[in-house]
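Some notes on the structure that comes next.
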Amino acid sequence: MTDPEERDLARRRAPLEISGDDFRAAGHELVDRVADLLGSMRGRPVTPGESATEVRALLGRGPLPEKGSDGPAILREAAQLLLEHSLFNGHPRFFGYITASPAPLGALADLLAAAVNPNCGAWELSPMANAVEEQTVRWIAELVGFPAGGGGLLVSGGNVANFAGFLAARRAQAGEAIRASGLSGAPGPLLVYASAETHTWIQKAADLFGHGTDAIRWIPADGKQRLDPEALRTAIARDRAEGARPFLVVGAAGTVGTGAIDPLREIAAICRENGLWFHVDGAYGAPAAALPDAPADLRALSLADSVAIDPHKWLYAPLEAGCILVRNAAALPDTFAYTPTYYAFDEGGEDPPANYYALGFQNSRGFRALKVWMGLRQAGREGYVRMIEDDCRLARALADRIAAHGELELLTHSLSIVTFRYAPPRLRTGRAEDDATLDAINEDLLQRLKAGGEAFLSNARVEGKFALRACIVNFRTELADVEAVPEIVARLGRVREGANTAKGVSRK
Ligand SMILES: *Cc1c(COP(=O)(O)O)cnc(C)c1O
């Protein structure tokens with residue numbers, strides 16, 4: 001007989017458990033609502049444009065619930081909150097930052113991944129999932145033209161992928177000893193070289209990994225926002241002469257601001273001459289290397305020692321999915337591996353299983369690869385080439401329409417990023433005070449545009465000027481969507497300028 005105190009353990013009723021029937025009903029209802037969202041996206045605003053106060057008020061300020069409540073009802077409420085109070089980056093007129101429309105199949109992939117819940121830290125805990133991840137990493141390398149015999153794994157995003165490249169470079173260049181002695185044992189100050197247009201991941205890396213941001217040598221960019229290779233050569237030689245220890249050069253396969261492609265072939269040659277690690281930040285632009293007419297400088301990412309890529313950008317995977325690829329597979333375990341005593345995983349044999357805990361930052365890991373793998377299969381190389389090409393063609397069409405619009409000034413266009421500003425001819429004088437006025441007008445009109453929900457752009461600085469910026473990594477965008485942008489912006493610009501002029505007049 002069971003002890004009466006143990007009776008409830010004989011048949012547990014855990015508060016998080018749900019019956020098969022309830023799960024089925026709640027799941028079907030949710031899938032219906034998500035399908036409705038997909039079907040109605042185009043007719044909705046990009047964003048409701050609510051303030052933080054309004055959004056927080058919807059949740060209220062209640063304390064942690066003491067008692068639980070009905071799961072399906074919570075799911076229904078969560079769907080309502082999210083479907084009615086979110087910005088939709090899957091909207092055909094979302095062109096902000098570098099945030100892609102997510103592949104719908106990816107949402108179902110995440111459901112499946114969470115349901116099976118493999119721990120992708122070790123093969124034993126996730127056999128099929130890790131095999132899928134290996135294949136995904138190899139396919140990503142093939143897609144962008146990086147040697148597929150190397151190593152790599154999925155991470156949370158571009159920042160972390162770049163961090164992994166940074167650390168692999170440091171370990172390879174400074175040697176095994178640095179893992180025990182840290183930077184104090186390094187052979188002279190370790191320096192990294194990158195263009196002034198590099199994403200802020202590099203400051204985070206230099207700071208958080210103990211070098212300090214002063215260890216970054218900022219190499220000036222040319223008039224097209226590309227790293228100047230002569231300046232790079234000179235800086236490396238000067239630092240060497242002064243006893244420093246250059247270890248890493250970062251080139252961009254599409255900068256975050258304007259999509260500029262650094263002269264990767266020449267940077268590769270400089271790294272070879274100097275025995276330095278060459279890392280390519282391709283978080284945004286690497287997938288465009290798959291295009292048949294990709295520029296040679298972009299294809300030259302194949303010469304790198306490591307490449308960071310963001311499947312949640314131009315491979316249209318739902319957040320989050322980043323990827324680091326390394327030429328020499330040993331570089332990752334050399335950098336990251338420590339084996340705890342409580343792991344006794346199989347690591348050997350003719351066909352050794354992948355234990356990802358030893359290849360990156362994470363120990364327990366989710367199954368990010370599934371949504372990426374399903375996308376690569378659903379579209380194939382051909383499908384990705386077509387989607388990326390179409391995004392680039394739409395960006396070109398937008399650039400053309402902006403250039404032809406009398407009140408707009410086209411600033412840059414590269415890959416699928418266009419920067420421009422509202423600049424009526426009377427303010428387009430190049431005088432500092434007129435540029436300051438244009439900055440103020442454009443900053444203000446962008447805030448209105450973003451809150452208005454008609455279309456969503458973000459911003460960049462181009463040679464000191466405040467620029468509006470459209471980045472098209474969106475397989476839903478069509479020609480009419482980009483054609484609508486110039487007039488929306490010009491209208492908001494006129495309104496803002498009118499308000500300005502009226503204020504100026506009333507002050508006199
Ligand atoms: C987006 C981006 C990053 C950062 O990637 P996250 O996925 O946002 O962490 C780094 N570099 C470049 C060039 C990017 O476009």
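By convention here, the chains of the structure tokens are called A, B, ... in the order presented, each chain's residues are numbered starting at 1, and ligands are numbered starting at 1 in the order presented.
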- Task: Let me have all residues with an atom within 6 Å of ligand 1, counting only C-alpha atoms and all ligand atoms, laid out as a PyMOL selection string.
- Result: chain A and resi 157-159+199+255-256+281-284+310
Residues from last step as file, N, CA, C and O atoms, as a PDB file, in the first residue's frame:
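See part.pdb below for the written result:
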```
ATOM      1  N   GLY A 157      22.662  34.955 -33.330  1.00  0.00           N
ATOM      2  CA  GLY A 157      22.560  36.026 -34.312  1.00  0.00           C
ATOM      3  C   GLY A 157      23.927  36.492 -34.756  1.00  0.00           C
ATOM      4  O   GLY A 157      24.956  35.870 -34.447  1.00  0.00           O
ATOM      5  N   GLY A 158      23.929  37.614 -35.464  1.00  0.00           N
ATOM      6  CA  GLY A 158      25.164  38.130 -36.044  1.00  0.00           C
ATOM      7  C   GLY A 158      26.178  38.556 -34.994  1.00  0.00           C
ATOM      8  O   GLY A 158      27.381  38.320 -35.151  1.00  0.00           O
ATOM      9  N   ASN A 159      25.716  39.211 -33.939  1.00  0.00           N
ATOM     10  CA  ASN A 159      26.666  39.630 -32.913  1.00  0.00           C
ATOM     11  C   ASN A 159      27.447  38.440 -32.377  1.00  0.00           C
ATOM     12  O   ASN A 159      28.673  38.459 -32.313  1.00  0.00           O
ATOM     13  N   HIS A 199      29.846  47.294 -37.705  1.00  0.00           N
ATOM     14  CA  HIS A 199      28.760  47.185 -36.711  1.00  0.00           C
ATOM     15  C   HIS A 199      29.335  47.219 -35.289  1.00  0.00           C
ATOM     16  O   HIS A 199      30.474  46.816 -35.067  1.00  0.00           O
ATOM     17  N   THR A 255      27.932  46.330 -45.295  1.00  0.00           N
ATOM     18  CA  THR A 255      27.912  47.016 -43.995  1.00  0.00           C
ATOM     19  C   THR A 255      26.471  47.222 -43.545  1.00  0.00           C
ATOM     20  O   THR A 255      25.551  47.280 -44.360  1.00  0.00           O
ATOM     21  N   VAL A 256      26.317  47.353 -42.247  1.00  0.00           N
ATOM     22  CA  VAL A 256      24.976  47.484 -41.691  1.00  0.00           C
ATOM     23  C   VAL A 256      24.339  48.823 -42.095  1.00  0.00           C
ATOM     24  O   VAL A 256      23.132  48.902 -42.267  1.00  0.00           O
ATOM     25  N   ASP A 281      32.462  39.822 -41.780  1.00  0.00           N
ATOM     26  CA  ASP A 281      31.133  40.023 -41.211  1.00  0.00           C
ATOM     27  C   ASP A 281      30.145  40.053 -42.371  1.00  0.00           C
ATOM     28  O   ASP A 281      29.967  41.088 -43.021  1.00  0.00           O
ATOM     29  N   GLY A 282      29.527  38.896 -42.607  1.00  0.00           N
ATOM     30  CA  GLY A 282      28.529  38.802 -43.675  1.00  0.00           C
ATOM     31  C   GLY A 282      27.134  38.640 -43.108  1.00  0.00           C
ATOM     32  O   GLY A 282      26.261  38.043 -43.748  1.00  0.00           O
ATOM     33  N   ALA A 283      26.931  39.166 -41.878  1.00  0.00           N
ATOM     34  CA  ALA A 283      25.648  38.985 -41.191  1.00  0.00           C
ATOM     35  C   ALA A 283      24.496  39.362 -42.119  1.00  0.00           C
ATOM     36  O   ALA A 283      23.502  38.639 -42.221  1.00  0.00           O
ATOM     37  N   TYR A 284      24.664  40.487 -42.795  1.00  0.00           N
ATOM     38  CA  TYR A 284      23.626  40.905 -43.736  1.00  0.00           C
ATOM     39  C   TYR A 284      23.873  40.321 -45.130  1.00  0.00           C
ATOM     40  O   TYR A 284      23.045  39.593 -45.673  1.00  0.00           O
ATOM     41  N   ASP A 310      23.829  35.678 -40.973  1.00  0.00           N
ATOM     42  CA  ASP A 310      22.596  35.712 -40.184  1.00  0.00           C
ATOM     43  C   ASP A 310      21.443  35.088 -40.956  1.00  0.00           C
ATOM     44  O   ASP A 310      20.779  35.778 -41.728  1.00  0.00           O
TER      45      ASP A 310
END
```
Wanna dump the stretch 194-252 of chain A-stretch 258-268 of chain A contacts at 10 Å for me, each residue with its shortest atom pair and the distance in Å to one decimal, counting only C-alpha atoms, ordered by chain and number, as a tab-separated table?
```
residue	atom	partner	partner_atom	distance
A:Ser195	CA	A:Asp262	CA	8.6
A:Glu197	CA	A:Thr258	CA	8.8
A:Ala221	CA	A:Asp262	CA	8.9
A:Asp222	CA	A:Asp262	CA	9.8
A:Lys224	CA	A:Ala260	CA	7.0
A:Gln225	CA	A:Ala260	CA	6.0
A:Arg226	CA	A:Asp262	CA	4.8
A:Leu227	CA	A:Asp262	CA	5.5
A:Asp228	CA	A:Pro263	CA	8.0
A:Pro229	CA	A:Ile267	CA	6.5
A:Glu230	CA	A:Glu266	CA	9.5
A:Leu232	CA	A:Ile267	CA	8.3
A:Arg233	CA	A:Ile267	CA	9.0
A:Val249	CA	A:Ile267	CA	7.8
A:Val250	CA	A:Ile267	CA	8.6
A:Gly251	CA	A:Asp262	CA	5.9
A:Ala252	CA	A:Asp262	CA	5.4
```
Atoms kept (N, CA and C atoms) for selection, written as a compact mmCIF listing (two decimals), in the first residue's frame:
```txt
# COMPACT_ATOMS: atom_id res chain seq x y z
N SER A 195 36.91 48.65 -40.51
CA SER A 195 36.56 49.96 -41.05
C SER A 195 35.65 50.70 -40.07
N GLU A 197 32.96 51.80 -40.57
CA GLU A 197 31.54 51.47 -40.80
C GLU A 197 31.13 50.16 -40.14
N ALA A 221 37.08 54.68 -44.17
CA ALA A 221 36.39 54.16 -45.35
C ALA A 221 36.53 55.19 -46.47
N ASP A 222 36.40 54.71 -47.72
CA ASP A 222 36.48 55.65 -48.85
C ASP A 222 35.13 56.32 -49.06
N LYS A 224 32.81 55.58 -50.77
CA LYS A 224 31.70 54.64 -50.93
C LYS A 224 31.57 53.73 -49.71
N GLN A 225 32.01 54.21 -48.54
CA GLN A 225 31.87 53.50 -47.26
C GLN A 225 32.60 52.16 -47.23
N ARG A 226 33.65 52.02 -48.08
CA ARG A 226 34.43 50.77 -48.10
C ARG A 226 35.78 50.98 -47.44
N LEU A 227 36.22 49.98 -46.70
CA LEU A 227 37.52 50.05 -46.03
C LEU A 227 38.61 50.36 -47.05
N ASP A 228 39.51 51.28 -46.67
CA ASP A 228 40.61 51.68 -47.55
C ASP A 228 41.81 50.76 -47.30
N PRO A 229 42.12 49.86 -48.26
CA PRO A 229 43.15 48.84 -48.02
C PRO A 229 44.55 49.43 -47.81
N GLU A 230 44.84 50.57 -48.46
CA GLU A 230 46.17 51.16 -48.27
C GLU A 230 46.34 51.64 -46.83
N LEU A 232 44.87 50.36 -44.35
CA LEU A 232 45.00 49.15 -43.54
C LEU A 232 46.45 48.68 -43.52
N ARG A 233 47.07 48.61 -44.70
CA ARG A 233 48.47 48.18 -44.81
C ARG A 233 49.37 49.05 -43.94
N VAL A 249 41.79 41.03 -38.87
CA VAL A 249 41.23 42.07 -39.73
C VAL A 249 39.79 41.66 -40.07
N VAL A 250 38.89 42.62 -39.90
CA VAL A 250 37.47 42.37 -40.19
C VAL A 250 37.08 43.10 -41.47
N GLY A 251 36.50 42.37 -42.39
CA GLY A 251 35.95 42.99 -43.59
C GLY A 251 34.45 42.78 -43.62
N ALA A 252 33.72 43.71 -44.21
CA ALA A 252 32.26 43.60 -44.25
C ALA A 252 31.79 43.13 -45.62
```
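With only C-alpha atoms taken into account, the protein and nucleic acid residues at most 9 Å from stretch 404-409 of chain A (excluding it and anything under 5 positions from it in its own chain) are Ala399, Thr419, Phe420, Arg421, Tyr422, Ala423, Pro424, Pro425, Arg428, Pro486, Glu487, Val489, Ala490 and Gly493 of chain A.
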Please, could you write that set of residues out with C-alpha atoms as a tab-separated table (two decimals), in the first residue's frame?
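Contents of result10.tsv, as written:
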```tsv
chain	number	residue	atom	x	y	z
A	399	ALA	CA	16.73	54.19	-55.83
A	419	THR	CA	19.73	55.71	-48.26
A	420	PHE	CA	18.22	59.07	-49.13
A	421	ARG	CA	16.68	62.15	-47.61
A	422	TYR	CA	13.91	64.61	-48.08
A	423	ALA	CA	15.76	67.60	-49.50
A	424	PRO	CA	13.78	70.18	-51.46
A	425	PRO	CA	16.07	72.02	-53.90
A	428	ARG	CA	20.12	71.40	-51.11
A	486	PRO	CA	8.94	58.42	-52.28
A	487	GLU	CA	5.55	60.14	-52.16
A	489	VAL	CA	8.19	60.56	-47.49
A	490	ALA	CA	7.81	63.71	-49.56
A	493	GLY	CA	8.57	66.19	-45.40
```
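Interatomic distance, atom CA of A:Ala122 to atom CA of A:Arg365: 8.7 Å.
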- Find the spatial neighbours of stretch 44-53 of chain A, counting only C-alpha atoms, within a cut-off of 12 Å - ignore same-chain residues fewer than 4 positions away - and output them as number ranges by chain. A: 36-40, 57-61, 81-96, 101, 447-457
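Distances to A:Tyr357 were evaluated for A:Pro65, A:Gly380, A:Gly243, A:Gly121 using only C-alpha atoms, and the minimum falls at A:Gly121.
In terms of minimum interatomic distance to A:Gly152, A:Leu359 ranks closest within A:Leu415, A:Ile388, A:Leu359, A:Leu16, counting only C-alpha atoms.
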- Using DSSP on the backbone coordinates, identify the residues of stretch 337-430 of chain A assigned to alpha helix (DSSP H); present them as a PyMOL selection string. chain A and resi 369-403
Where in stretch 321-423 of chain A does DSSP assign strand (DSSP E or B), given as a PDB file with all heavy atoms, in the first residue's frame?
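Final output, selection07.pdb:
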```pdb
ATOM      1  N   GLY A 322      21.744  32.809 -36.112  1.00  0.00           N
ATOM      2  CA  GLY A 322      23.001  33.297 -36.688  1.00  0.00           C
ATOM      3  C   GLY A 322      23.844  32.072 -37.002  1.00  0.00           C
ATOM      4  O   GLY A 322      23.518  30.951 -36.603  1.00  0.00           O
ATOM      5  N   CYS A 323      24.942  32.295 -37.727  1.00  0.00           N
ATOM      6  CA  CYS A 323      25.804  31.156 -38.082  1.00  0.00           C
ATOM      7  C   CYS A 323      27.252  31.627 -38.188  1.00  0.00           C
ATOM      8  O   CYS A 323      27.516  32.667 -38.783  1.00  0.00           O
ATOM      9  CB  CYS A 323      25.336  30.576 -39.420  1.00  0.00           C
ATOM     10  SG  CYS A 323      26.350  29.204 -40.018  1.00  0.00           S
ATOM     11  N   ILE A 324      28.164  30.871 -37.577  1.00  0.00           N
ATOM     12  CA  ILE A 324      29.595  31.121 -37.776  1.00  0.00           C
ATOM     13  C   ILE A 324      30.176  29.962 -38.573  1.00  0.00           C
ATOM     14  O   ILE A 324      29.902  28.791 -38.263  1.00  0.00           O
ATOM     15  CB  ILE A 324      30.341  31.319 -36.433  1.00  0.00           C
ATOM     16  CG1 ILE A 324      31.850  31.520 -36.665  1.00  0.00           C
ATOM     17  CG2 ILE A 324      30.106  30.175 -35.468  1.00  0.00           C
ATOM     18  CD1 ILE A 324      32.225  32.827 -37.286  1.00  0.00           C
ATOM     19  N   LEU A 325      30.941  30.298 -39.601  1.00  0.00           N
ATOM     20  CA  LEU A 325      31.650  29.300 -40.401  1.00  0.00           C
ATOM     21  C   LEU A 325      33.143  29.536 -40.226  1.00  0.00           C
ATOM     22  O   LEU A 325      33.584  30.688 -40.237  1.00  0.00           O
ATOM     23  CB  LEU A 325      31.309  29.463 -41.889  1.00  0.00           C
ATOM     24  CG  LEU A 325      29.848  29.320 -42.313  1.00  0.00           C
ATOM     25  CD1 LEU A 325      29.707  29.648 -43.801  1.00  0.00           C
ATOM     26  CD2 LEU A 325      29.345  27.905 -42.031  1.00  0.00           C
ATOM     27  N   VAL A 326      33.905  28.463 -40.058  1.00  0.00           N
ATOM     28  CA  VAL A 326      35.369  28.598 -39.992  1.00  0.00           C
ATOM     29  C   VAL A 326      36.006  27.675 -41.022  1.00  0.00           C
ATOM     30  O   VAL A 326      35.510  26.570 -41.272  1.00  0.00           O
ATOM     31  CB  VAL A 326      35.933  28.278 -38.581  1.00  0.00           C
ATOM     32  CG1 VAL A 326      35.520  29.341 -37.571  1.00  0.00           C
ATOM     33  CG2 VAL A 326      35.498  26.907 -38.099  1.00  0.00           C
ATOM     34  N   LEU A 408      13.478  64.654 -53.280  1.00  0.00           N
ATOM     35  CA  LEU A 408      14.282  63.663 -52.555  1.00  0.00           C
ATOM     36  C   LEU A 408      15.698  63.614 -53.125  1.00  0.00           C
ATOM     37  O   LEU A 408      15.904  63.843 -54.313  1.00  0.00           O
ATOM     38  CB  LEU A 408      13.638  62.273 -52.651  1.00  0.00           C
ATOM     39  CG  LEU A 408      12.194  62.158 -52.176  1.00  0.00           C
ATOM     40  CD1 LEU A 408      11.693  60.723 -52.353  1.00  0.00           C
ATOM     41  CD2 LEU A 408      12.042  62.588 -50.718  1.00  0.00           C
ATOM     42  N   GLU A 409      16.634  63.297 -52.234  1.00  0.00           N
ATOM     43  CA  GLU A 409      18.032  63.192 -52.655  1.00  0.00           C
ATOM     44  C   GLU A 409      18.519  61.774 -52.364  1.00  0.00           C
ATOM     45  O   GLU A 409      18.518  61.343 -51.211  1.00  0.00           O
ATOM     46  CB  GLU A 409      18.867  64.208 -51.863  1.00  0.00           C
ATOM     47  CG  GLU A 409      20.330  64.208 -52.222  1.00  0.00           C
ATOM     48  CD  GLU A 409      21.171  65.136 -51.338  1.00  0.00           C
ATOM     49  OE1 GLU A 409      20.630  65.700 -50.359  1.00  0.00           O
ATOM     50  OE2 GLU A 409      22.368  65.285 -51.623  1.00  0.00           O
ATOM     51  N   LEU A 410      18.945  61.075 -53.414  1.00  0.00           N
ATOM     52  CA  LEU A 410      19.491  59.722 -53.248  1.00  0.00           C
ATOM     53  C   LEU A 410      20.914  59.840 -52.713  1.00  0.00           C
ATOM     54  O   LEU A 410      21.725  60.580 -53.256  1.00  0.00           O
ATOM     55  CB  LEU A 410      19.500  59.013 -54.603  1.00  0.00           C
ATOM     56  CG  LEU A 410      20.091  57.597 -54.615  1.00  0.00           C
ATOM     57  CD1 LEU A 410      19.238  56.633 -53.803  1.00  0.00           C
ATOM     58  CD2 LEU A 410      20.241  57.097 -56.048  1.00  0.00           C
ATOM     59  N   LEU A 411      21.228  59.122 -51.634  1.00  0.00           N
ATOM     60  CA  LEU A 411      22.582  59.209 -51.062  1.00  0.00           C
ATOM     61  C   LEU A 411      23.414  57.977 -51.412  1.00  0.00           C
ATOM     62  O   LEU A 411      24.520  58.117 -51.918  1.00  0.00           O
ATOM     63  CB  LEU A 411      22.502  59.417 -49.541  1.00  0.00           C
ATOM     64  CG  LEU A 411      21.851  60.744 -49.115  1.00  0.00           C
ATOM     65  CD1 LEU A 411      21.646  60.791 -47.610  1.00  0.00           C
ATOM     66  CD2 LEU A 411      22.681  61.949 -49.560  1.00  0.00           C
ATOM     67  N   THR A 412      22.913  56.775 -51.136  1.00  0.00           N
ATOM     68  CA  THR A 412      23.664  55.566 -51.489  1.00  0.00           C
ATOM     69  C   THR A 412      22.694  54.468 -51.925  1.00  0.00           C
ATOM     70  O   THR A 412      21.512  54.491 -51.583  1.00  0.00           O
ATOM     71  CB  THR A 412      24.444  54.985 -50.284  1.00  0.00           C
ATOM     72  OG1 THR A 412      23.521  54.504 -49.303  1.00  0.00           O
ATOM     73  CG2 THR A 412      25.375  56.005 -49.653  1.00  0.00           C
ATOM     74  N   HIS A 413      23.256  53.496 -52.644  1.00  0.00           N
ATOM     75  CA  HIS A 413      22.501  52.283 -52.987  1.00  0.00           C
ATOM     76  C   HIS A 413      23.503  51.151 -53.155  1.00  0.00           C
ATOM     77  O   HIS A 413      24.429  51.250 -53.957  1.00  0.00           O
ATOM     78  CB  HIS A 413      21.713  52.501 -54.293  1.00  0.00           C
ATOM     79  CG  HIS A 413      21.221  51.228 -54.892  1.00  0.00           C
ATOM     80  ND1 HIS A 413      21.261  50.953 -56.238  1.00  0.00           N
ATOM     81  CD2 HIS A 413      20.708  50.118 -54.301  1.00  0.00           C
ATOM     82  CE1 HIS A 413      20.786  49.744 -56.459  1.00  0.00           C
ATOM     83  NE2 HIS A 413      20.454  49.209 -55.293  1.00  0.00           N
ATOM     84  N   SER A 414      23.385  50.110 -52.348  1.00  0.00           N
ATOM     85  CA  SER A 414      24.234  48.919 -52.495  1.00  0.00           C
ATOM     86  C   SER A 414      23.437  47.715 -52.018  1.00  0.00           C
ATOM     87  O   SER A 414      22.703  47.797 -51.028  1.00  0.00           O
ATOM     88  CB  SER A 414      25.508  49.080 -51.667  1.00  0.00           C
ATOM     89  OG  SER A 414      26.339  47.938 -51.797  1.00  0.00           O
ATOM     90  N   ILE A 417      20.049  47.897 -49.918  1.00  0.00           N
ATOM     91  CA  ILE A 417      19.913  49.059 -49.023  1.00  0.00           C
ATOM     92  C   ILE A 417      20.009  50.354 -49.823  1.00  0.00           C
ATOM     93  O   ILE A 417      20.923  50.524 -50.633  1.00  0.00           O
ATOM     94  CB  ILE A 417      20.989  49.037 -47.919  1.00  0.00           C
ATOM     95  CG1 ILE A 417      20.821  47.787 -47.045  1.00  0.00           C
ATOM     96  CG2 ILE A 417      20.917  50.299 -47.071  1.00  0.00           C
ATOM     97  CD1 ILE A 417      21.829  47.671 -45.916  1.00  0.00           C
ATOM     98  N   VAL A 418      19.049  51.238 -49.572  1.00  0.00           N
ATOM     99  CA  VAL A 418      19.022  52.547 -50.225  1.00  0.00           C
ATOM    100  C   VAL A 418      18.971  53.603 -49.124  1.00  0.00           C
ATOM    101  O   VAL A 418      18.161  53.491 -48.202  1.00  0.00           O
ATOM    102  CB  VAL A 418      17.759  52.678 -51.114  1.00  0.00           C
ATOM    103  CG1 VAL A 418      17.692  54.060 -51.751  1.00  0.00           C
ATOM    104  CG2 VAL A 418      17.743  51.590 -52.185  1.00  0.00           C
ATOM    105  N   THR A 419      19.852  54.600 -49.198  1.00  0.00           N
ATOM    106  CA  THR A 419      19.730  55.713 -48.258  1.00  0.00           C
ATOM    107  C   THR A 419      19.441  56.990 -49.044  1.00  0.00           C
ATOM    108  O   THR A 419      19.897  57.162 -50.174  1.00  0.00           O
ATOM    109  CB  THR A 419      20.990  55.912 -47.388  1.00  0.00           C
ATOM    110  OG1 THR A 419      22.073  56.340 -48.219  1.00  0.00           O
ATOM    111  CG2 THR A 419      21.376  54.632 -46.657  1.00  0.00           C
ATOM    112  N   PHE A 420      18.662  57.854 -48.441  1.00  0.00           N
ATOM    113  CA  PHE A 420      18.216  59.066 -49.125  1.00  0.00           C
ATOM    114  C   PHE A 420      17.699  60.048 -48.092  1.00  0.00           C
ATOM    115  O   PHE A 420      17.675  59.738 -46.894  1.00  0.00           O
ATOM    116  CB  PHE A 420      17.125  58.716 -50.151  1.00  0.00           C
ATOM    117  CG  PHE A 420      15.838  58.181 -49.562  1.00  0.00           C
ATOM    118  CD1 PHE A 420      14.690  58.977 -49.504  1.00  0.00           C
ATOM    119  CD2 PHE A 420      15.760  56.882 -49.053  1.00  0.00           C
ATOM    120  CE1 PHE A 420      13.501  58.488 -48.961  1.00  0.00           C
ATOM    121  CE2 PHE A 420      14.581  56.385 -48.508  1.00  0.00           C
ATOM    122  CZ  PHE A 420      13.449  57.185 -48.460  1.00  0.00           C
ATOM    123  N   ARG A 421      17.318  61.232 -48.548  1.00  0.00           N
ATOM    124  CA  ARG A 421      16.682  62.147 -47.608  1.00  0.00           C
ATOM    125  C   ARG A 421      15.700  63.051 -48.334  1.00  0.00           C
ATOM    126  O   ARG A 421      15.796  63.247 -49.551  1.00  0.00           O
ATOM    127  CB  ARG A 421      17.716  62.967 -46.834  1.00  0.00           C
ATOM    128  CG  ARG A 421      18.600  63.819 -47.691  1.00  0.00           C
ATOM    129  CD  ARG A 421      19.602  64.568 -46.810  1.00  0.00           C
ATOM    130  NE  ARG A 421      20.454  65.409 -47.625  1.00  0.00           N
ATOM    131  CZ  ARG A 421      21.291  66.315 -47.159  1.00  0.00           C
ATOM    132  NH1 ARG A 421      21.398  66.506 -45.836  1.00  0.00           N
ATOM    133  NH2 ARG A 421      22.030  67.041 -47.965  1.00  0.00           N
ATOM    134  N   TYR A 422      14.794  63.577 -47.568  1.00  0.00           N
ATOM    135  CA  TYR A 422      13.906  64.611 -48.076  1.00  0.00           C
ATOM    136  C   TYR A 422      14.748  65.880 -48.153  1.00  0.00           C
ATOM    137  O   TYR A 422      15.325  66.300 -47.137  1.00  0.00           O
ATOM    138  CB  TYR A 422      12.725  64.801 -47.122  1.00  0.00           C
ATOM    139  CG  TYR A 422      11.857  65.983 -47.472  1.00  0.00           C
ATOM    140  CD1 TYR A 422      10.993  65.944 -48.569  1.00  0.00           C
ATOM    141  CD2 TYR A 422      11.903  67.146 -46.710  1.00  0.00           C
ATOM    142  CE1 TYR A 422      10.204  67.032 -48.901  1.00  0.00           C
ATOM    143  CE2 TYR A 422      11.109  68.242 -47.031  1.00  0.00           C
ATOM    144  CZ  TYR A 422      10.268  68.178 -48.133  1.00  0.00           C
ATOM    145  OH  TYR A 422       9.498  69.248 -48.460  1.00  0.00           O
TER     146      TYR A 422
END
```
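Using only C-alpha atoms, the contacts of A:Ala196 at a cut-off of 7 Å, with sequence neighbours closer than 2 positions omitted, comprise Ala194, Thr198, Trp218, Ile219, Pro220 and Ala221 of chain A.
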Could those selected residues go to a file with N, CA and C atoms, as a CSV table (one decimal), in the first residue's frame?
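What ended up in selection29.csv:
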```csv
chain,number,residue,atom,x,y,z
A,194,ALA,N,39.5,47.2,-38.4
A,194,ALA,CA,38.1,47.2,-39.0
A,194,ALA,C,37.8,48.6,-39.5
A,198,THR,N,32.1,49.5,-39.4
A,198,THR,CA,31.8,48.2,-38.8
A,198,THR,C,30.7,48.3,-37.8
A,218,TRP,N,40.7,51.8,-36.1
A,218,TRP,CA,39.6,52.1,-37.1
A,218,TRP,C,40.2,52.6,-38.4
A,219,ILE,N,40.0,51.8,-39.4
A,219,ILE,CA,40.5,52.1,-40.7
A,219,ILE,C,39.5,53.0,-41.5
A,220,PRO,N,39.9,54.1,-42.0
A,220,PRO,CA,38.9,55.0,-42.7
A,220,PRO,C,38.3,54.3,-43.9
A,221,ALA,N,37.1,54.7,-44.2
A,221,ALA,CA,36.4,54.2,-45.4
A,221,ALA,C,36.5,55.2,-46.5
```
Find the nearest atom pair between each residue of stretch 310-364 of chain A and stretch 170-180 of chain A for residues within 8 Å, count only C-alpha atoms, give distances in Å to one decimal, sort rows by chain and ascending number, and present the table as CSV.
```
residue,atom,partner,partner_atom,distance
A:Ala331,CA,A:Ala172,CA,6.9
A:Asp334,CA,A:Arg171,CA,7.3
A:Thr335,CA,A:Arg171,CA,5.8
```
Please produce a file of the residues just selected, as a PDB file, in the first residue's frame, where the atoms kept are all heavy atoms.
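File result_30.pdb, as written:
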```pdb
ATOM      1  N   ALA A 331      39.464  25.054 -35.339  1.00  0.00           N
ATOM      2  CA  ALA A 331      39.540  26.371 -34.697  1.00  0.00           C
ATOM      3  C   ALA A 331      38.473  26.535 -33.610  1.00  0.00           C
ATOM      4  O   ALA A 331      38.724  27.199 -32.598  1.00  0.00           O
ATOM      5  CB  ALA A 331      39.400  27.474 -35.750  1.00  0.00           C
ATOM      6  N   ASP A 334      39.353  24.271 -30.501  1.00  0.00           N
ATOM      7  CA  ASP A 334      40.564  24.872 -29.931  1.00  0.00           C
ATOM      8  C   ASP A 334      40.215  26.084 -29.073  1.00  0.00           C
ATOM      9  O   ASP A 334      40.885  26.379 -28.091  1.00  0.00           O
ATOM     10  CB  ASP A 334      41.520  25.330 -31.042  1.00  0.00           C
ATOM     11  CG  ASP A 334      42.265  24.165 -31.675  1.00  0.00           C
ATOM     12  OD1 ASP A 334      42.111  23.027 -31.190  1.00  0.00           O
ATOM     13  OD2 ASP A 334      42.987  24.406 -32.670  1.00  0.00           O
ATOM     14  N   THR A 335      39.167  26.795 -29.470  1.00  0.00           N
ATOM     15  CA  THR A 335      38.797  28.033 -28.781  1.00  0.00           C
ATOM     16  C   THR A 335      37.844  27.780 -27.618  1.00  0.00           C
ATOM     17  O   THR A 335      37.936  28.434 -26.584  1.00  0.00           O
ATOM     18  CB  THR A 335      38.093  28.983 -29.785  1.00  0.00           C
ATOM     19  OG1 THR A 335      38.947  29.152 -30.914  1.00  0.00           O
ATOM     20  CG2 THR A 335      37.794  30.337 -29.167  1.00  0.00           C
TER      21      THR A 335
END
```
